[in-house]
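The data block below is run-v6.csv; it holds CSV, C-alpha atoms.
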```
chain,number,residue,atom,x,y,z
O,1,MET,CA,22.5,-48.9,-87.2
O,2,ASP,CA,19.5,-46.5,-86.7
O,3,VAL,CA,18.5,-47.5,-83.2
O,4,LYS,CA,16.0,-44.7,-82.9
O,5,LYS,CA,14.2,-46.0,-86.0
O,6,ILE,CA,14.2,-49.6,-84.6
O,7,ILE,CA,12.6,-48.3,-81.4
O,8,GLU,CA,10.0,-46.3,-83.3
O,9,ASN,CA,9.0,-49.4,-85.3
O,10,ALA,CA,8.8,-51.5,-82.2
O,11,GLU,CA,6.6,-48.9,-80.5
O,12,LYS,CA,4.0,-49.2,-83.3
O,13,GLN,CA,3.8,-53.0,-82.7
O,14,VAL,CA,3.3,-52.9,-79.0
O,15,LYS,CA,0.4,-50.5,-78.8
O,16,GLU,CA,-2.1,-53.2,-77.9
O,17,GLU,CA,0.0,-54.4,-75.0
O,18,PHE,CA,0.4,-50.8,-73.8
O,19,ASN,CA,-3.4,-50.5,-73.8
O,20,LYS,CA,-3.7,-53.5,-71.6
O,21,VAL,CA,-1.2,-52.0,-69.1
O,22,ASP,CA,-3.2,-48.8,-69.0
O,23,LEU,CA,-6.4,-50.6,-68.1
O,24,MET,CA,-4.6,-52.5,-65.3
O,25,CYS,CA,-3.2,-49.2,-64.0
O,26,GLU,CA,-6.6,-47.7,-63.9
O,27,LYS,CA,-8.0,-50.7,-61.9
O,28,ASN,CA,-5.2,-50.6,-59.4
O,29,SER,CA,-5.2,-46.8,-59.1
O,30,GLU,CA,-8.9,-47.0,-58.1
O,31,LYS,CA,-8.1,-49.6,-55.5
O,32,VAL,CA,-5.4,-47.4,-53.9
O,33,LEU,CA,-7.5,-44.3,-54.0
O,34,ASN,CA,-10.4,-46.1,-52.3
O,35,ALA,CA,-8.1,-47.3,-49.5
O,36,PHE,CA,-6.8,-43.7,-48.9
O,37,GLN,CA,-10.3,-42.4,-48.7
O,38,LYS,CA,-11.6,-45.3,-46.5
O,39,TYR,CA,-9.0,-44.6,-43.8
O,40,ARG,CA,-9.3,-40.8,-44.1
O,41,VAL,CA,-5.6,-40.2,-44.8
O,42,SER,CA,-4.7,-36.6,-43.8
O,43,GLU,CA,-1.7,-34.4,-43.4
O,44,SER,CA,-1.5,-35.3,-39.7
O,45,HIS,CA,-0.5,-38.8,-40.8
O,46,PHE,CA,2.7,-37.4,-42.2
O,47,ASN,CA,4.0,-36.4,-38.8
O,48,GLN,CA,7.1,-38.3,-37.5
O,49,THR,CA,7.8,-40.2,-34.3
O,50,THR,CA,11.2,-40.9,-32.8
O,51,GLY,CA,12.6,-43.2,-30.1
O,52,TYR,CA,10.3,-46.1,-29.4
O,53,GLY,CA,7.7,-44.8,-31.9
O,54,TYR,CA,4.7,-45.3,-29.6
O,55,ASP,CA,1.3,-44.1,-30.9
O,56,ASP,CA,2.4,-43.4,-34.4
O,57,ILE,CA,-1.0,-42.8,-36.1
O,58,GLY,CA,0.6,-42.3,-39.5
O,59,ARG,CA,2.5,-45.6,-39.4
O,60,ASP,CA,-0.6,-47.4,-38.1
O,61,THR,CA,-2.7,-45.9,-40.9
O,62,ILE,CA,-0.2,-46.9,-43.5
O,63,GLU,CA,-0.5,-50.5,-42.4
O,64,LYS,CA,-4.3,-50.3,-42.6
O,65,VAL,CA,-4.1,-48.9,-46.2
O,66,PHE,CA,-1.6,-51.5,-47.3
O,67,ALA,CA,-3.7,-54.3,-45.8
O,68,ASP,CA,-6.8,-53.0,-47.7
O,69,VAL,CA,-5.0,-52.7,-51.0
O,70,LEU,CA,-3.4,-56.1,-50.7
O,71,GLY,CA,-6.5,-57.9,-49.6
O,72,ALA,CA,-5.0,-58.7,-46.2
O,73,GLU,CA,-6.4,-59.0,-42.7
O,74,ASP,CA,-3.3,-57.1,-41.5
O,75,ALA,CA,0.0,-55.7,-42.6
O,76,LEU,CA,3.4,-54.8,-41.2
O,77,VAL,CA,5.0,-52.0,-43.2
O,78,ARG,CA,8.2,-50.7,-41.7
O,79,SER,CA,11.3,-48.8,-42.6
O,80,GLN,CA,13.1,-51.1,-40.1
O,81,PHE,CA,13.1,-53.7,-42.9
O,82,ILE,CA,16.3,-53.3,-44.8
O,83,SER,CA,15.1,-55.1,-47.9
O,84,GLY,CA,12.6,-57.6,-49.2
O,85,SER,CA,15.1,-60.4,-48.3
O,86,HIS,CA,15.2,-59.1,-44.8
O,87,ALA,CA,11.4,-59.2,-44.5
O,88,LEU,CA,11.4,-62.7,-45.9
O,89,THR,CA,14.0,-63.7,-43.3
O,90,VAL,CA,12.0,-62.1,-40.5
O,91,ALA,CA,8.9,-64.0,-41.6
O,92,LEU,CA,10.7,-67.4,-41.9
O,93,PHE,CA,12.2,-67.1,-38.4
O,94,ALA,CA,8.9,-66.0,-37.1
O,95,TYR,CA,7.0,-69.0,-38.4
O,96,LEU,CA,9.5,-71.9,-38.3
O,97,ARG,CA,10.7,-73.7,-35.2
O,98,PRO,CA,13.3,-76.5,-34.6
O,99,ASN,CA,12.4,-79.7,-36.5
O,100,ASP,CA,9.9,-77.9,-38.7
O,101,ILE,CA,10.0,-78.5,-42.5
O,102,MET,CA,10.1,-75.6,-44.9
O,103,LEU,CA,9.2,-76.6,-48.5
O,104,SER,CA,9.9,-74.4,-51.6
O,105,ILE,CA,7.7,-75.5,-54.5
O,106,SER,CA,9.1,-73.0,-57.0
O,107,GLY,CA,12.7,-74.3,-57.1
O,108,THR,CA,15.7,-72.8,-55.5
O,109,PRO,CA,14.9,-69.4,-53.9
O,110,TYR,CA,16.7,-66.2,-54.7
O,111,ASP,CA,20.4,-66.1,-54.0
O,112,THR,CA,20.2,-63.8,-51.0
O,113,LEU,CA,18.1,-66.5,-49.1
O,114,HIS,CA,20.6,-69.3,-49.5
O,115,GLU,CA,22.5,-68.5,-46.3
O,116,VAL,CA,19.3,-67.6,-44.6
O,117,ILE,CA,17.9,-71.1,-45.2
O,118,GLY,CA,21.2,-73.0,-44.9
O,119,ILE,CA,21.5,-74.0,-48.6
O,120,ILE,CA,24.9,-72.4,-48.1
O,121,ASP,CA,26.3,-73.0,-44.6
O,122,ASN,CA,25.9,-70.1,-42.1
O,123,ASP,CA,25.9,-70.4,-38.3
O,124,SER,CA,22.9,-68.0,-38.2
O,125,SER,CA,20.8,-69.9,-40.8
O,126,LEU,CA,17.5,-71.7,-40.3
O,127,LYS,CA,19.4,-74.9,-40.7
O,128,SER,CA,21.6,-74.1,-37.8
O,129,PHE,CA,18.5,-73.8,-35.6
O,130,GLY,CA,17.3,-77.2,-36.6
O,131,VAL,CA,14.8,-76.2,-39.4
O,132,ASN,CA,14.7,-78.6,-42.3
O,133,TYR,CA,14.4,-77.6,-45.9
O,134,LYS,CA,13.0,-79.4,-48.9
O,135,GLN,CA,12.6,-78.2,-52.5
O,136,ILE,CA,10.5,-79.2,-55.5
O,137,ASP,CA,11.5,-77.7,-58.8
O,138,LEU,CA,9.1,-76.4,-61.4
O,139,VAL,CA,8.3,-78.6,-64.4
O,140,ASN,CA,7.9,-76.8,-67.7
O,141,ASP,CA,7.4,-73.5,-65.9
O,142,ASP,CA,4.6,-74.8,-63.8
O,143,PHE,CA,4.3,-76.5,-60.4
O,144,ASP,CA,5.0,-80.2,-60.0
O,145,TYR,CA,1.5,-81.0,-58.6
O,146,GLU,CA,2.1,-84.7,-58.2
O,147,LYS,CA,5.3,-84.3,-56.3
O,148,ILE,CA,3.8,-81.6,-54.1
O,149,LYS,CA,0.9,-83.8,-53.3
O,150,ASP,CA,3.1,-86.8,-52.5
O,151,THR,CA,5.4,-84.7,-50.2
O,152,LEU,CA,2.4,-83.3,-48.3
O,153,LEU,CA,1.0,-86.8,-47.8
O,154,LYS,CA,4.4,-88.1,-46.6
O,155,ASP,CA,5.7,-85.3,-44.4
O,156,LYS,CA,4.2,-82.7,-42.1
O,157,ILE,CA,5.2,-79.5,-43.8
O,158,LYS,CA,5.0,-76.4,-41.6
O,159,LEU,CA,5.5,-73.7,-44.3
O,160,ILE,CA,5.4,-73.7,-48.1
O,161,GLU,CA,7.3,-70.9,-49.9
O,162,ILE,CA,6.5,-69.7,-53.4
O,163,GLN,CA,8.8,-67.2,-55.1
O,164,ARG,CA,6.8,-65.7,-58.0
O,165,SER,CA,9.5,-63.7,-59.7
O,166,LYS,CA,12.2,-65.7,-61.5
O,167,GLY,CA,15.2,-64.3,-59.6
O,168,TYR,CA,18.5,-65.1,-61.4
O,169,SER,CA,17.0,-68.1,-63.2
O,170,THR,CA,15.9,-69.0,-66.7
O,171,ARG,CA,12.3,-70.0,-65.7
O,172,LYS,CA,9.2,-67.9,-66.2
O,173,SER,CA,7.8,-65.9,-63.4
O,174,ILE,CA,4.6,-67.3,-61.9
O,175,THR,CA,1.2,-65.8,-62.7
O,176,ILE,CA,-1.6,-65.4,-60.2
O,177,ASP,CA,-3.7,-68.1,-61.9
O,178,LYS,CA,-1.0,-70.7,-61.3
O,179,VAL,CA,-0.6,-69.6,-57.7
O,180,GLU,CA,-4.4,-69.9,-57.2
O,181,LYS,CA,-4.4,-73.4,-58.7
O,182,VAL,CA,-1.6,-74.8,-56.6
O,183,ILE,CA,-3.0,-73.2,-53.4
O,184,LYS,CA,-6.4,-74.8,-53.9
O,185,MET,CA,-4.7,-78.2,-54.2
O,186,ILE,CA,-2.5,-77.7,-51.2
O,187,LYS,CA,-5.3,-76.6,-48.9
O,188,LYS,CA,-7.4,-79.6,-49.8
O,189,ILE,CA,-4.6,-81.8,-48.5
O,190,ASP,CA,-3.4,-79.7,-45.5
O,191,ASN,CA,-5.4,-76.6,-44.5
O,192,ASP,CA,-2.9,-75.9,-41.7
O,193,VAL,CA,0.2,-75.5,-43.7
O,194,ILE,CA,1.4,-71.8,-44.0
O,195,ILE,CA,1.6,-70.7,-47.6
O,196,MET,CA,4.0,-67.8,-47.9
O,197,VAL,CA,4.5,-66.0,-51.2
O,198,ASP,CA,7.5,-63.9,-52.1
O,199,ASN,CA,5.6,-61.2,-54.0
O,200,CYS,CA,8.6,-59.0,-54.9
O,201,TYR,CA,8.4,-57.4,-58.4
O,202,CYS,CA,4.8,-58.6,-58.8
O,203,GLU,CA,2.5,-56.0,-57.1
O,204,PHE,CA,0.1,-54.2,-59.5
O,205,VAL,CA,1.1,-56.2,-62.5
O,206,GLU,CA,-2.1,-58.2,-62.2
O,207,ASP,CA,-5.4,-57.3,-60.6
O,208,LYS,CA,-5.3,-59.9,-57.8
O,209,THR,CA,-2.9,-60.5,-55.0
O,210,PRO,CA,-1.8,-64.0,-53.8
O,211,LEU,CA,-3.8,-63.3,-50.6
O,212,GLU,CA,-7.0,-63.0,-52.6
O,213,VAL,CA,-6.5,-66.5,-54.0
O,214,GLY,CA,-5.7,-68.2,-50.7
O,215,ALA,CA,-2.2,-67.5,-49.6
O,216,ASP,CA,-1.7,-66.9,-45.9
O,217,ILE,CA,1.2,-64.4,-46.0
O,218,ILE,CA,2.9,-62.3,-48.7
O,219,VAL,CA,6.2,-60.3,-48.5
O,220,GLY,CA,7.5,-57.5,-50.7
O,221,SER,CA,9.9,-54.6,-50.8
O,222,LEU,CA,9.2,-50.8,-50.8
O,223,ILE,CA,12.1,-50.1,-53.1
O,224,LYS,CA,10.4,-52.2,-55.7
O,225,ASN,CA,6.8,-51.9,-56.9
O,226,LEU,CA,4.8,-50.6,-54.0
O,227,GLY,CA,7.2,-47.8,-53.1
O,228,GLY,CA,6.6,-46.1,-56.4
O,229,GLY,CA,10.2,-44.9,-56.6
O,230,ILE,CA,9.5,-42.5,-53.7
O,231,ALA,CA,9.8,-44.6,-50.5
O,232,PRO,CA,13.5,-44.6,-49.6
O,233,ASN,CA,13.6,-48.0,-48.0
O,234,GLY,CA,11.4,-50.5,-46.2
O,235,ALA,CA,9.3,-53.6,-46.9
O,236,TYR,CA,6.0,-55.2,-45.9
O,237,ILE,CA,4.6,-58.5,-44.6
O,238,ALA,CA,0.9,-58.8,-45.1
O,239,GLY,CA,-1.8,-61.5,-44.6
O,240,LYS,CA,-3.5,-63.3,-41.8
O,241,GLN,CA,-3.4,-61.2,-38.6
O,242,ASP,CA,-1.9,-63.9,-36.3
O,243,LEU,CA,1.0,-64.4,-38.7
O,244,VAL,CA,1.6,-60.6,-39.1
O,245,LEU,CA,1.7,-60.2,-35.4
O,246,LEU,CA,4.3,-63.1,-35.1
O,247,ALA,CA,6.4,-61.3,-37.7
O,248,ALA,CA,6.1,-58.0,-35.8
O,249,GLU,CA,7.5,-59.7,-32.6
O,250,ARG,CA,10.4,-61.2,-34.6
O,251,LEU,CA,11.2,-57.8,-36.1
O,252,THR,CA,11.2,-56.0,-32.8
O,253,LEU,CA,10.8,-58.1,-29.6
O,254,PRO,CA,8.3,-60.4,-28.0
O,255,GLY,CA,5.7,-58.4,-25.9
O,256,GLU,CA,6.1,-55.2,-27.9
O,257,GLY,CA,5.8,-56.3,-31.5
O,258,ARG,CA,4.1,-53.7,-33.8
O,259,GLU,CA,3.7,-51.1,-31.0
O,260,VAL,CA,7.3,-49.9,-31.4
O,261,GLY,CA,9.2,-48.7,-34.4
O,262,PRO,CA,9.6,-44.9,-35.0
O,263,SER,CA,8.6,-43.6,-38.5
O,264,LEU,CA,11.4,-40.9,-38.4
O,265,GLY,CA,9.6,-38.8,-41.0
O,266,ILE,CA,9.2,-41.5,-43.6
O,267,ASN,CA,5.4,-41.7,-43.5
O,268,LYS,CA,4.7,-39.2,-46.3
O,269,SER,CA,7.1,-40.9,-48.6
O,270,ILE,CA,5.5,-44.3,-48.0
O,271,PHE,CA,2.0,-42.9,-48.6
O,272,GLN,CA,3.0,-41.0,-51.7
O,273,GLY,CA,4.9,-44.0,-53.0
O,274,LEU,CA,2.0,-46.3,-52.7
O,275,PHE,CA,-0.3,-43.6,-54.3
O,276,MET,CA,2.1,-43.4,-57.3
O,277,ALA,CA,2.8,-47.1,-57.5
O,278,PRO,CA,0.1,-48.2,-60.0
O,279,SER,CA,1.3,-45.6,-62.5
O,280,VAL,CA,5.0,-46.3,-61.9
O,281,VAL,CA,4.5,-50.0,-62.3
O,282,ALA,CA,2.7,-49.3,-65.6
O,283,SER,CA,5.7,-47.3,-66.8
O,284,SER,CA,8.0,-50.1,-65.8
O,285,LEU,CA,5.9,-52.6,-67.7
O,286,LYS,CA,5.8,-50.5,-70.8
O,287,THR,CA,9.6,-50.1,-70.6
O,288,VAL,CA,10.2,-53.9,-70.4
O,289,ILE,CA,7.6,-54.6,-73.1
O,290,LEU,CA,9.4,-52.3,-75.5
O,291,THR,CA,12.8,-53.8,-74.5
O,292,SER,CA,11.5,-57.3,-75.2
O,293,LYS,CA,10.3,-56.3,-78.7
O,294,VAL,CA,13.4,-54.3,-79.6
O,295,LEU,CA,15.9,-56.9,-78.5
O,296,GLU,CA,13.9,-59.7,-80.1
O,297,ASP,CA,13.9,-57.7,-83.4
O,298,LEU,CA,17.7,-57.5,-83.0
O,299,GLY,CA,18.0,-61.3,-82.9
O,300,TYR,CA,18.3,-62.0,-79.1
O,301,ASN,CA,16.3,-64.5,-77.1
O,302,VAL,CA,14.0,-62.7,-74.7
O,303,GLU,CA,11.7,-63.9,-71.9
O,304,PRO,CA,8.9,-63.0,-71.7
O,305,LYS,CA,8.0,-62.1,-75.3
O,306,TYR,CA,6.6,-58.6,-75.7
O,307,ASN,CA,3.0,-59.9,-76.0
O,308,GLU,CA,3.1,-62.7,-73.3
O,309,SER,CA,1.2,-62.4,-70.0
O,310,ARG,CA,3.4,-61.0,-67.3
O,311,ALA,CA,3.6,-61.7,-63.6
O,312,ASP,CA,6.3,-59.2,-62.7
O,313,ILE,CA,8.3,-56.2,-64.0
O,314,VAL,CA,11.4,-58.2,-64.9
O,315,GLN,CA,12.6,-58.8,-68.5
O,316,ASN,CA,15.3,-61.3,-69.4
O,317,ILE,CA,17.6,-60.8,-72.3
O,318,ILE,CA,19.7,-63.9,-73.1
O,319,PHE,CA,22.9,-62.8,-74.7
O,320,ASN,CA,24.9,-66.0,-74.6
O,321,ASP,CA,27.9,-63.6,-74.6
O,322,LYS,CA,29.6,-62.2,-71.5
O,323,ASP,CA,30.8,-59.1,-73.2
O,324,LYS,CA,27.4,-58.2,-74.6
O,325,LEU,CA,25.8,-58.7,-71.2
O,326,ILE,CA,28.3,-56.3,-69.6
O,327,LYS,CA,28.0,-53.7,-72.4
O,328,PHE,CA,24.2,-53.7,-72.2
O,329,CYS,CA,24.3,-53.1,-68.4
O,330,GLN,CA,26.9,-50.4,-68.9
O,331,GLY,CA,24.6,-48.8,-71.5
O,332,ILE,CA,21.7,-48.7,-69.0
O,333,GLN,CA,24.0,-47.0,-66.5
O,334,MET,CA,24.9,-44.4,-69.2
O,335,GLY,CA,21.2,-43.7,-69.7
O,336,SER,CA,20.5,-43.2,-66.0
O,337,PRO,CA,20.0,-39.9,-64.2
O,338,ILE,CA,22.4,-40.7,-61.3
O,339,ASP,CA,26.1,-41.7,-61.8
O,340,SER,CA,25.6,-41.9,-65.6
O,341,PHE,CA,29.4,-41.3,-65.8
O,342,ALA,CA,30.2,-44.4,-63.8
O,343,ILE,CA,31.0,-47.7,-65.6
O,344,PRO,CA,29.8,-50.7,-63.7
O,345,GLU,CA,31.9,-53.8,-63.6
O,346,PRO,CA,31.2,-57.4,-62.4
O,347,TRP,CA,32.1,-57.7,-58.7
O,348,ASP,CA,31.7,-60.0,-55.7
O,349,MET,CA,28.4,-58.8,-54.3
O,350,PRO,CA,27.4,-59.8,-50.8
O,351,GLY,CA,24.9,-62.7,-50.8
O,352,TYR,CA,25.8,-64.0,-54.3
O,353,VAL,CA,28.0,-66.9,-55.4
O,354,ASP,CA,28.9,-65.5,-58.9
O,355,LYS,CA,30.2,-62.1,-59.7
O,356,VAL,CA,27.4,-59.8,-60.5
O,357,ILE,CA,27.2,-56.7,-62.8
O,358,MET,CA,24.7,-54.2,-61.6
O,359,ALA,CA,23.6,-51.0,-63.4
O,360,ALA,CA,21.5,-48.9,-61.1
O,361,GLY,CA,21.7,-45.1,-61.6
O,362,THR,CA,19.0,-44.6,-59.1
O,363,PHE,CA,17.9,-42.0,-56.6
O,364,THR,CA,17.6,-44.7,-54.0
O,365,GLN,CA,20.4,-47.2,-53.6
O,366,GLY,CA,19.3,-50.6,-54.9
O,367,SER,CA,15.9,-49.4,-56.0
O,368,SER,CA,14.7,-51.8,-58.7
O,369,ILE,CA,11.4,-50.0,-59.5
O,370,GLU,CA,13.7,-47.3,-60.9
O,371,LEU,CA,15.3,-48.6,-64.1
O,372,SER,CA,18.1,-51.0,-63.3
O,373,CYS,CA,19.8,-53.9,-65.0
O,374,ASP,CA,21.9,-56.7,-63.6
O,375,GLY,CA,23.0,-60.2,-64.0
O,376,PRO,CA,25.3,-62.9,-62.7
O,377,ILE,CA,28.4,-63.5,-64.8
O,378,ARG,CA,27.5,-67.1,-65.6
O,379,LYS,CA,26.2,-68.9,-68.7
O,380,PRO,CA,23.9,-68.2,-70.6
O,381,TYR,CA,24.8,-64.6,-69.6
O,382,ILE,CA,21.3,-63.2,-69.0
O,383,ALA,CA,20.6,-59.5,-68.3
O,384,TYR,CA,17.7,-58.9,-65.9
O,385,LEU,CA,16.1,-55.5,-66.7
O,386,GLN,CA,13.4,-54.1,-64.4
O,387,GLY,CA,11.8,-50.8,-63.5
O,388,GLY,CA,11.4,-47.4,-65.0
O,389,LEU,CA,9.8,-44.4,-63.2
O,390,THR,CA,8.5,-43.1,-66.5
O,391,TYR,CA,8.2,-44.8,-69.8
O,392,GLU,CA,10.0,-41.9,-71.6
O,393,TYR,CA,13.1,-42.1,-69.4
O,394,GLY,CA,13.0,-45.9,-69.8
O,395,LYS,CA,12.9,-45.7,-73.6
O,396,LEU,CA,15.9,-43.3,-73.6
O,397,ALA,CA,17.9,-45.7,-71.5
O,398,ILE,CA,17.1,-48.6,-73.7
O,399,LYS,CA,18.3,-46.6,-76.7
O,400,LYS,CA,21.6,-45.9,-75.0
O,401,ALA,CA,22.0,-49.6,-74.0
O,402,VAL,CA,21.4,-50.9,-77.5
O,403,GLU,CA,23.8,-48.3,-79.0
O,404,ASN,CA,26.4,-49.4,-76.5
O,405,ILE,CA,26.2,-53.1,-77.5
O,406,PHE,CA,27.1,-52.2,-81.1
O,407,SER,CA,29.6,-49.5,-80.3
```
Spit out the file's structure as structure tokens when you get a sec.
Amino acid sequence: MDVKKIIENAEKQVKEEFNKVDLMCEKNSEKVLNAFQKYRVSESHFNQTTGYGYDDIGRDTIEKVFADVLGAEDALVRSQFISGSHALTVALFAYLRPNDIMLSISGTPYDTLHEVIGIIDNDSSLKSFGVNYKQIDLVNDDFDYEKIKDTLLKDKIKLIEIQRSKGYSTRKSITIDKVEKVIKMIKKIDNDVIIMVDNCYCEFVEDKTPLEVGADIIVGSLIKNLGGGIAPNGAYIAGKQDLVLLAAERLTLPGEGREVGPSLGINKSIFQGLFMAPSVVASSLKTVILTSKVLEDLGYNVEPKYNESRADIVQNIIFNDKDKLIKFCQGIQMGSPIDSFAIPEPWDMPGYVDKVIMAAGTFTQGSSIELSCDGPIRKPYIAYLQGGLTYEYGKLAIKKAVENIFS
């Protein structure tokens, strides 16, 4: 099988989609550059603080720039967040109190939140503190508007959570137009309910953010889209100022909130990562578009199709075969710059019920804006591919992964 020829033929057929990605990259790049200039970012903002981190002008300017780019009143951008799931946890514990009801309207949240919420028992969960949880599944990859309406009229919901990216599910990721439509309906019924959007994997894929269509708070990771492959860790919570300040006091401590938290020399990486993010996201999108076309041409089911509208940087390949899932992930590892010699195997990963295989030959551990591929070892054996710092490196890794399937 001439895999190189298959890829070359696929590239010819995806040019129109690549052009759309380039136009989006230009729009988002202008948005970022304008924010840097508006807040007069300078070399002095790269200086580090230690200890308590008082008066860190670089950290504070980062948060102003992020807020501007995301269309937020305020933002909390910190290396003290370990992951996007950690930032989501901080936000949930900041906003919910005993006897409050949290409602997910996008189905079951990502696996790492199950013990946070109490879907899986944990003595430190929201459930253990008396917070109630309800869930409404999507219907045909869209919100169940009637059920949401009925629930809001019946119960006093404190917080609605929307997870835009699909996680380890077979549903489609949720585009910004669908987010806008459901938020408008919700706010007509209850303008006080907090609408929190898990925006991981979605930044800069479209030209609007959930905040710009009515969400109250959004959360994301810096080792995904907005870190541009440069930020070594961290996450953000952005949106209405009062909610951001509540989250800051939950991350640190009441009475100190955002005033503490040393940058420890990370400011330059966060600035530079955000600056590069539109271009890196564009490379990631081109990589998954090509992957979708190549794997579909080889006879596999893929979601989304190469020419479908996208909400995030994630590509599903449905193998319906455990061994092919494993071999594809192992091929991605072989095509990676770091630990290319390692052979990933399924393992019991913390926070997940099923064994997970995870290929991530990345400069930053767990960075999924760098090319990575993973999947739970359960039917229908789906590989979830995301990232790619450059399209060229992404294409080389896809070639290696396809060759490995048929080796």
So that all listed atoms of stretch 102-105 of chain O fit with 5 Å spare on each side, what axis-aligned box centre and edge lengths in Å, to one decimal, would you give as JSON?
```
{"center_x": 8.9, "center_y": -75.5, "center_z": -49.7, "size_x": 12.4, "size_y": 12.2, "size_z": 19.6}
```
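You will find atom CA of O:Ala311 at 26.4 Å from atom CA of O:Gln330.
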**OP:** Find, counting all atoms listed in the file, the residue in O:Asn225, O:Thr50, O:Ser79, O:Asn320 that gets nearest to O:Gly273.
**Re:** O:Asn225
Subject >> Who sits within 7 Å of stretch 333-338 of chain O, only C-alpha atoms, same chain under 3 positions skipped, as a ChimeraX atom specification >> reply: /O:329-330,341,359-363,396-397,400
**OP:** Excluding O:Val294 and residues on its chain fewer than 4 positions from it, collect all residues at most 8 Å away from it, counting only C-alpha atoms, and give them as a ChimeraX atom specification.
**Re:** /O:6-7,10,290,298
**OP:** Figure out the distance between atom CA of O:Glu161 and atom CA of O:Asp216, please, to one decimal in Å.
**Re:** 10.6 Å
**OP:** Provide the atom CA of O:Ile160 to atom CA of O:Phe81 distance in Å, to one decimal place.
**Re:**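 We find that atom CA of O:Ile160 and atom CA of O:Phe81 lie 22.1 Å from each other.
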Give me the residues near stretch 23-29 of chain O as a CSV table (one decimal) with C-alpha atoms, keeping the file's coordinate frame, where near means some atom within 10 Å (using all atoms listed in the file) and where sequence neighbours in that chain fewer than 4 positions away do not count.
```csv
chain,number,residue,atom,x,y,z
O,18,PHE,CA,0.4,-50.8,-73.8
O,19,ASN,CA,-3.4,-50.5,-73.8
O,33,LEU,CA,-7.5,-44.3,-54.0
O,34,ASN,CA,-10.4,-46.1,-52.3
O,69,VAL,CA,-5.0,-52.7,-51.0
O,203,GLU,CA,2.5,-56.0,-57.1
O,204,PHE,CA,0.1,-54.2,-59.5
O,205,VAL,CA,1.1,-56.2,-62.5
O,206,GLU,CA,-2.1,-58.2,-62.2
O,207,ASP,CA,-5.4,-57.3,-60.6
O,208,LYS,CA,-5.3,-59.9,-57.8
O,274,LEU,CA,2.0,-46.3,-52.7
O,275,PHE,CA,-0.3,-43.6,-54.3
O,276,MET,CA,2.1,-43.4,-57.3
O,277,ALA,CA,2.8,-47.1,-57.5
O,278,PRO,CA,0.1,-48.2,-60.0
O,279,SER,CA,1.3,-45.6,-62.5
O,280,VAL,CA,5.0,-46.3,-61.9
O,281,VAL,CA,4.5,-50.0,-62.3
O,282,ALA,CA,2.7,-49.3,-65.6
O,283,SER,CA,5.7,-47.3,-66.8
```
Original post:
If we count only C-alpha atoms, what is near O:Lys322 at a cut-off of 9 Å, once residues fewer than 6 positions away on the same chain are taken out, given as an MDAnalysis selection string?
Top reply: chainID O and resid 377:382
Because the input lacks atoms here, generate N, CA and C atoms for stretch 289-300 of chain O and report them as a short mmCIF file (atom, residue, chain, number, x, y, z; two decimals), in the frame of the given file.
```cif
data_model
loop_
_atom_site.label_atom_id
_atom_site.label_comp_id
_atom_site.auth_asym_id
_atom_site.auth_seq_id
_atom_site.Cartn_x
_atom_site.Cartn_y
_atom_site.Cartn_z
N ILE O 289 8.27 -54.15 -71.91
CA ILE O 289 7.60 -54.60 -73.10
C ILE O 289 8.33 -54.12 -74.36
N LEU O 290 8.66 -52.82 -74.36
CA LEU O 290 9.40 -52.30 -75.50
C LEU O 290 10.77 -52.93 -75.61
N THR O 291 11.46 -53.11 -74.49
CA THR O 291 12.80 -53.80 -74.50
C THR O 291 12.69 -55.15 -75.12
N SER O 292 11.67 -55.91 -74.71
CA SER O 292 11.50 -57.30 -75.20
C SER O 292 11.36 -57.25 -76.75
N LYS O 293 10.55 -56.33 -77.25
CA LYS O 293 10.30 -56.30 -78.70
C LYS O 293 11.58 -55.83 -79.45
N VAL O 294 12.25 -54.80 -78.94
CA VAL O 294 13.40 -54.30 -79.60
C VAL O 294 14.56 -55.32 -79.65
N LEU O 295 14.83 -55.96 -78.52
CA LEU O 295 15.90 -56.90 -78.50
C LEU O 295 15.61 -58.19 -79.26
N GLU O 296 14.32 -58.57 -79.29
CA GLU O 296 13.90 -59.70 -80.10
C GLU O 296 14.12 -59.37 -81.60
N ASP O 297 13.74 -58.16 -81.98
CA ASP O 297 13.90 -57.70 -83.40
C ASP O 297 15.39 -57.71 -83.76
N LEU O 298 16.27 -57.52 -82.78
CA LEU O 298 17.70 -57.50 -83.00
C LEU O 298 18.32 -58.91 -83.02
N GLY O 299 17.48 -59.93 -82.78
CA GLY O 299 18.00 -61.30 -82.90
C GLY O 299 18.30 -61.99 -81.59
N TYR O 300 17.99 -61.36 -80.44
CA TYR O 300 18.30 -62.00 -79.10
C TYR O 300 17.09 -62.74 -78.61
#
```
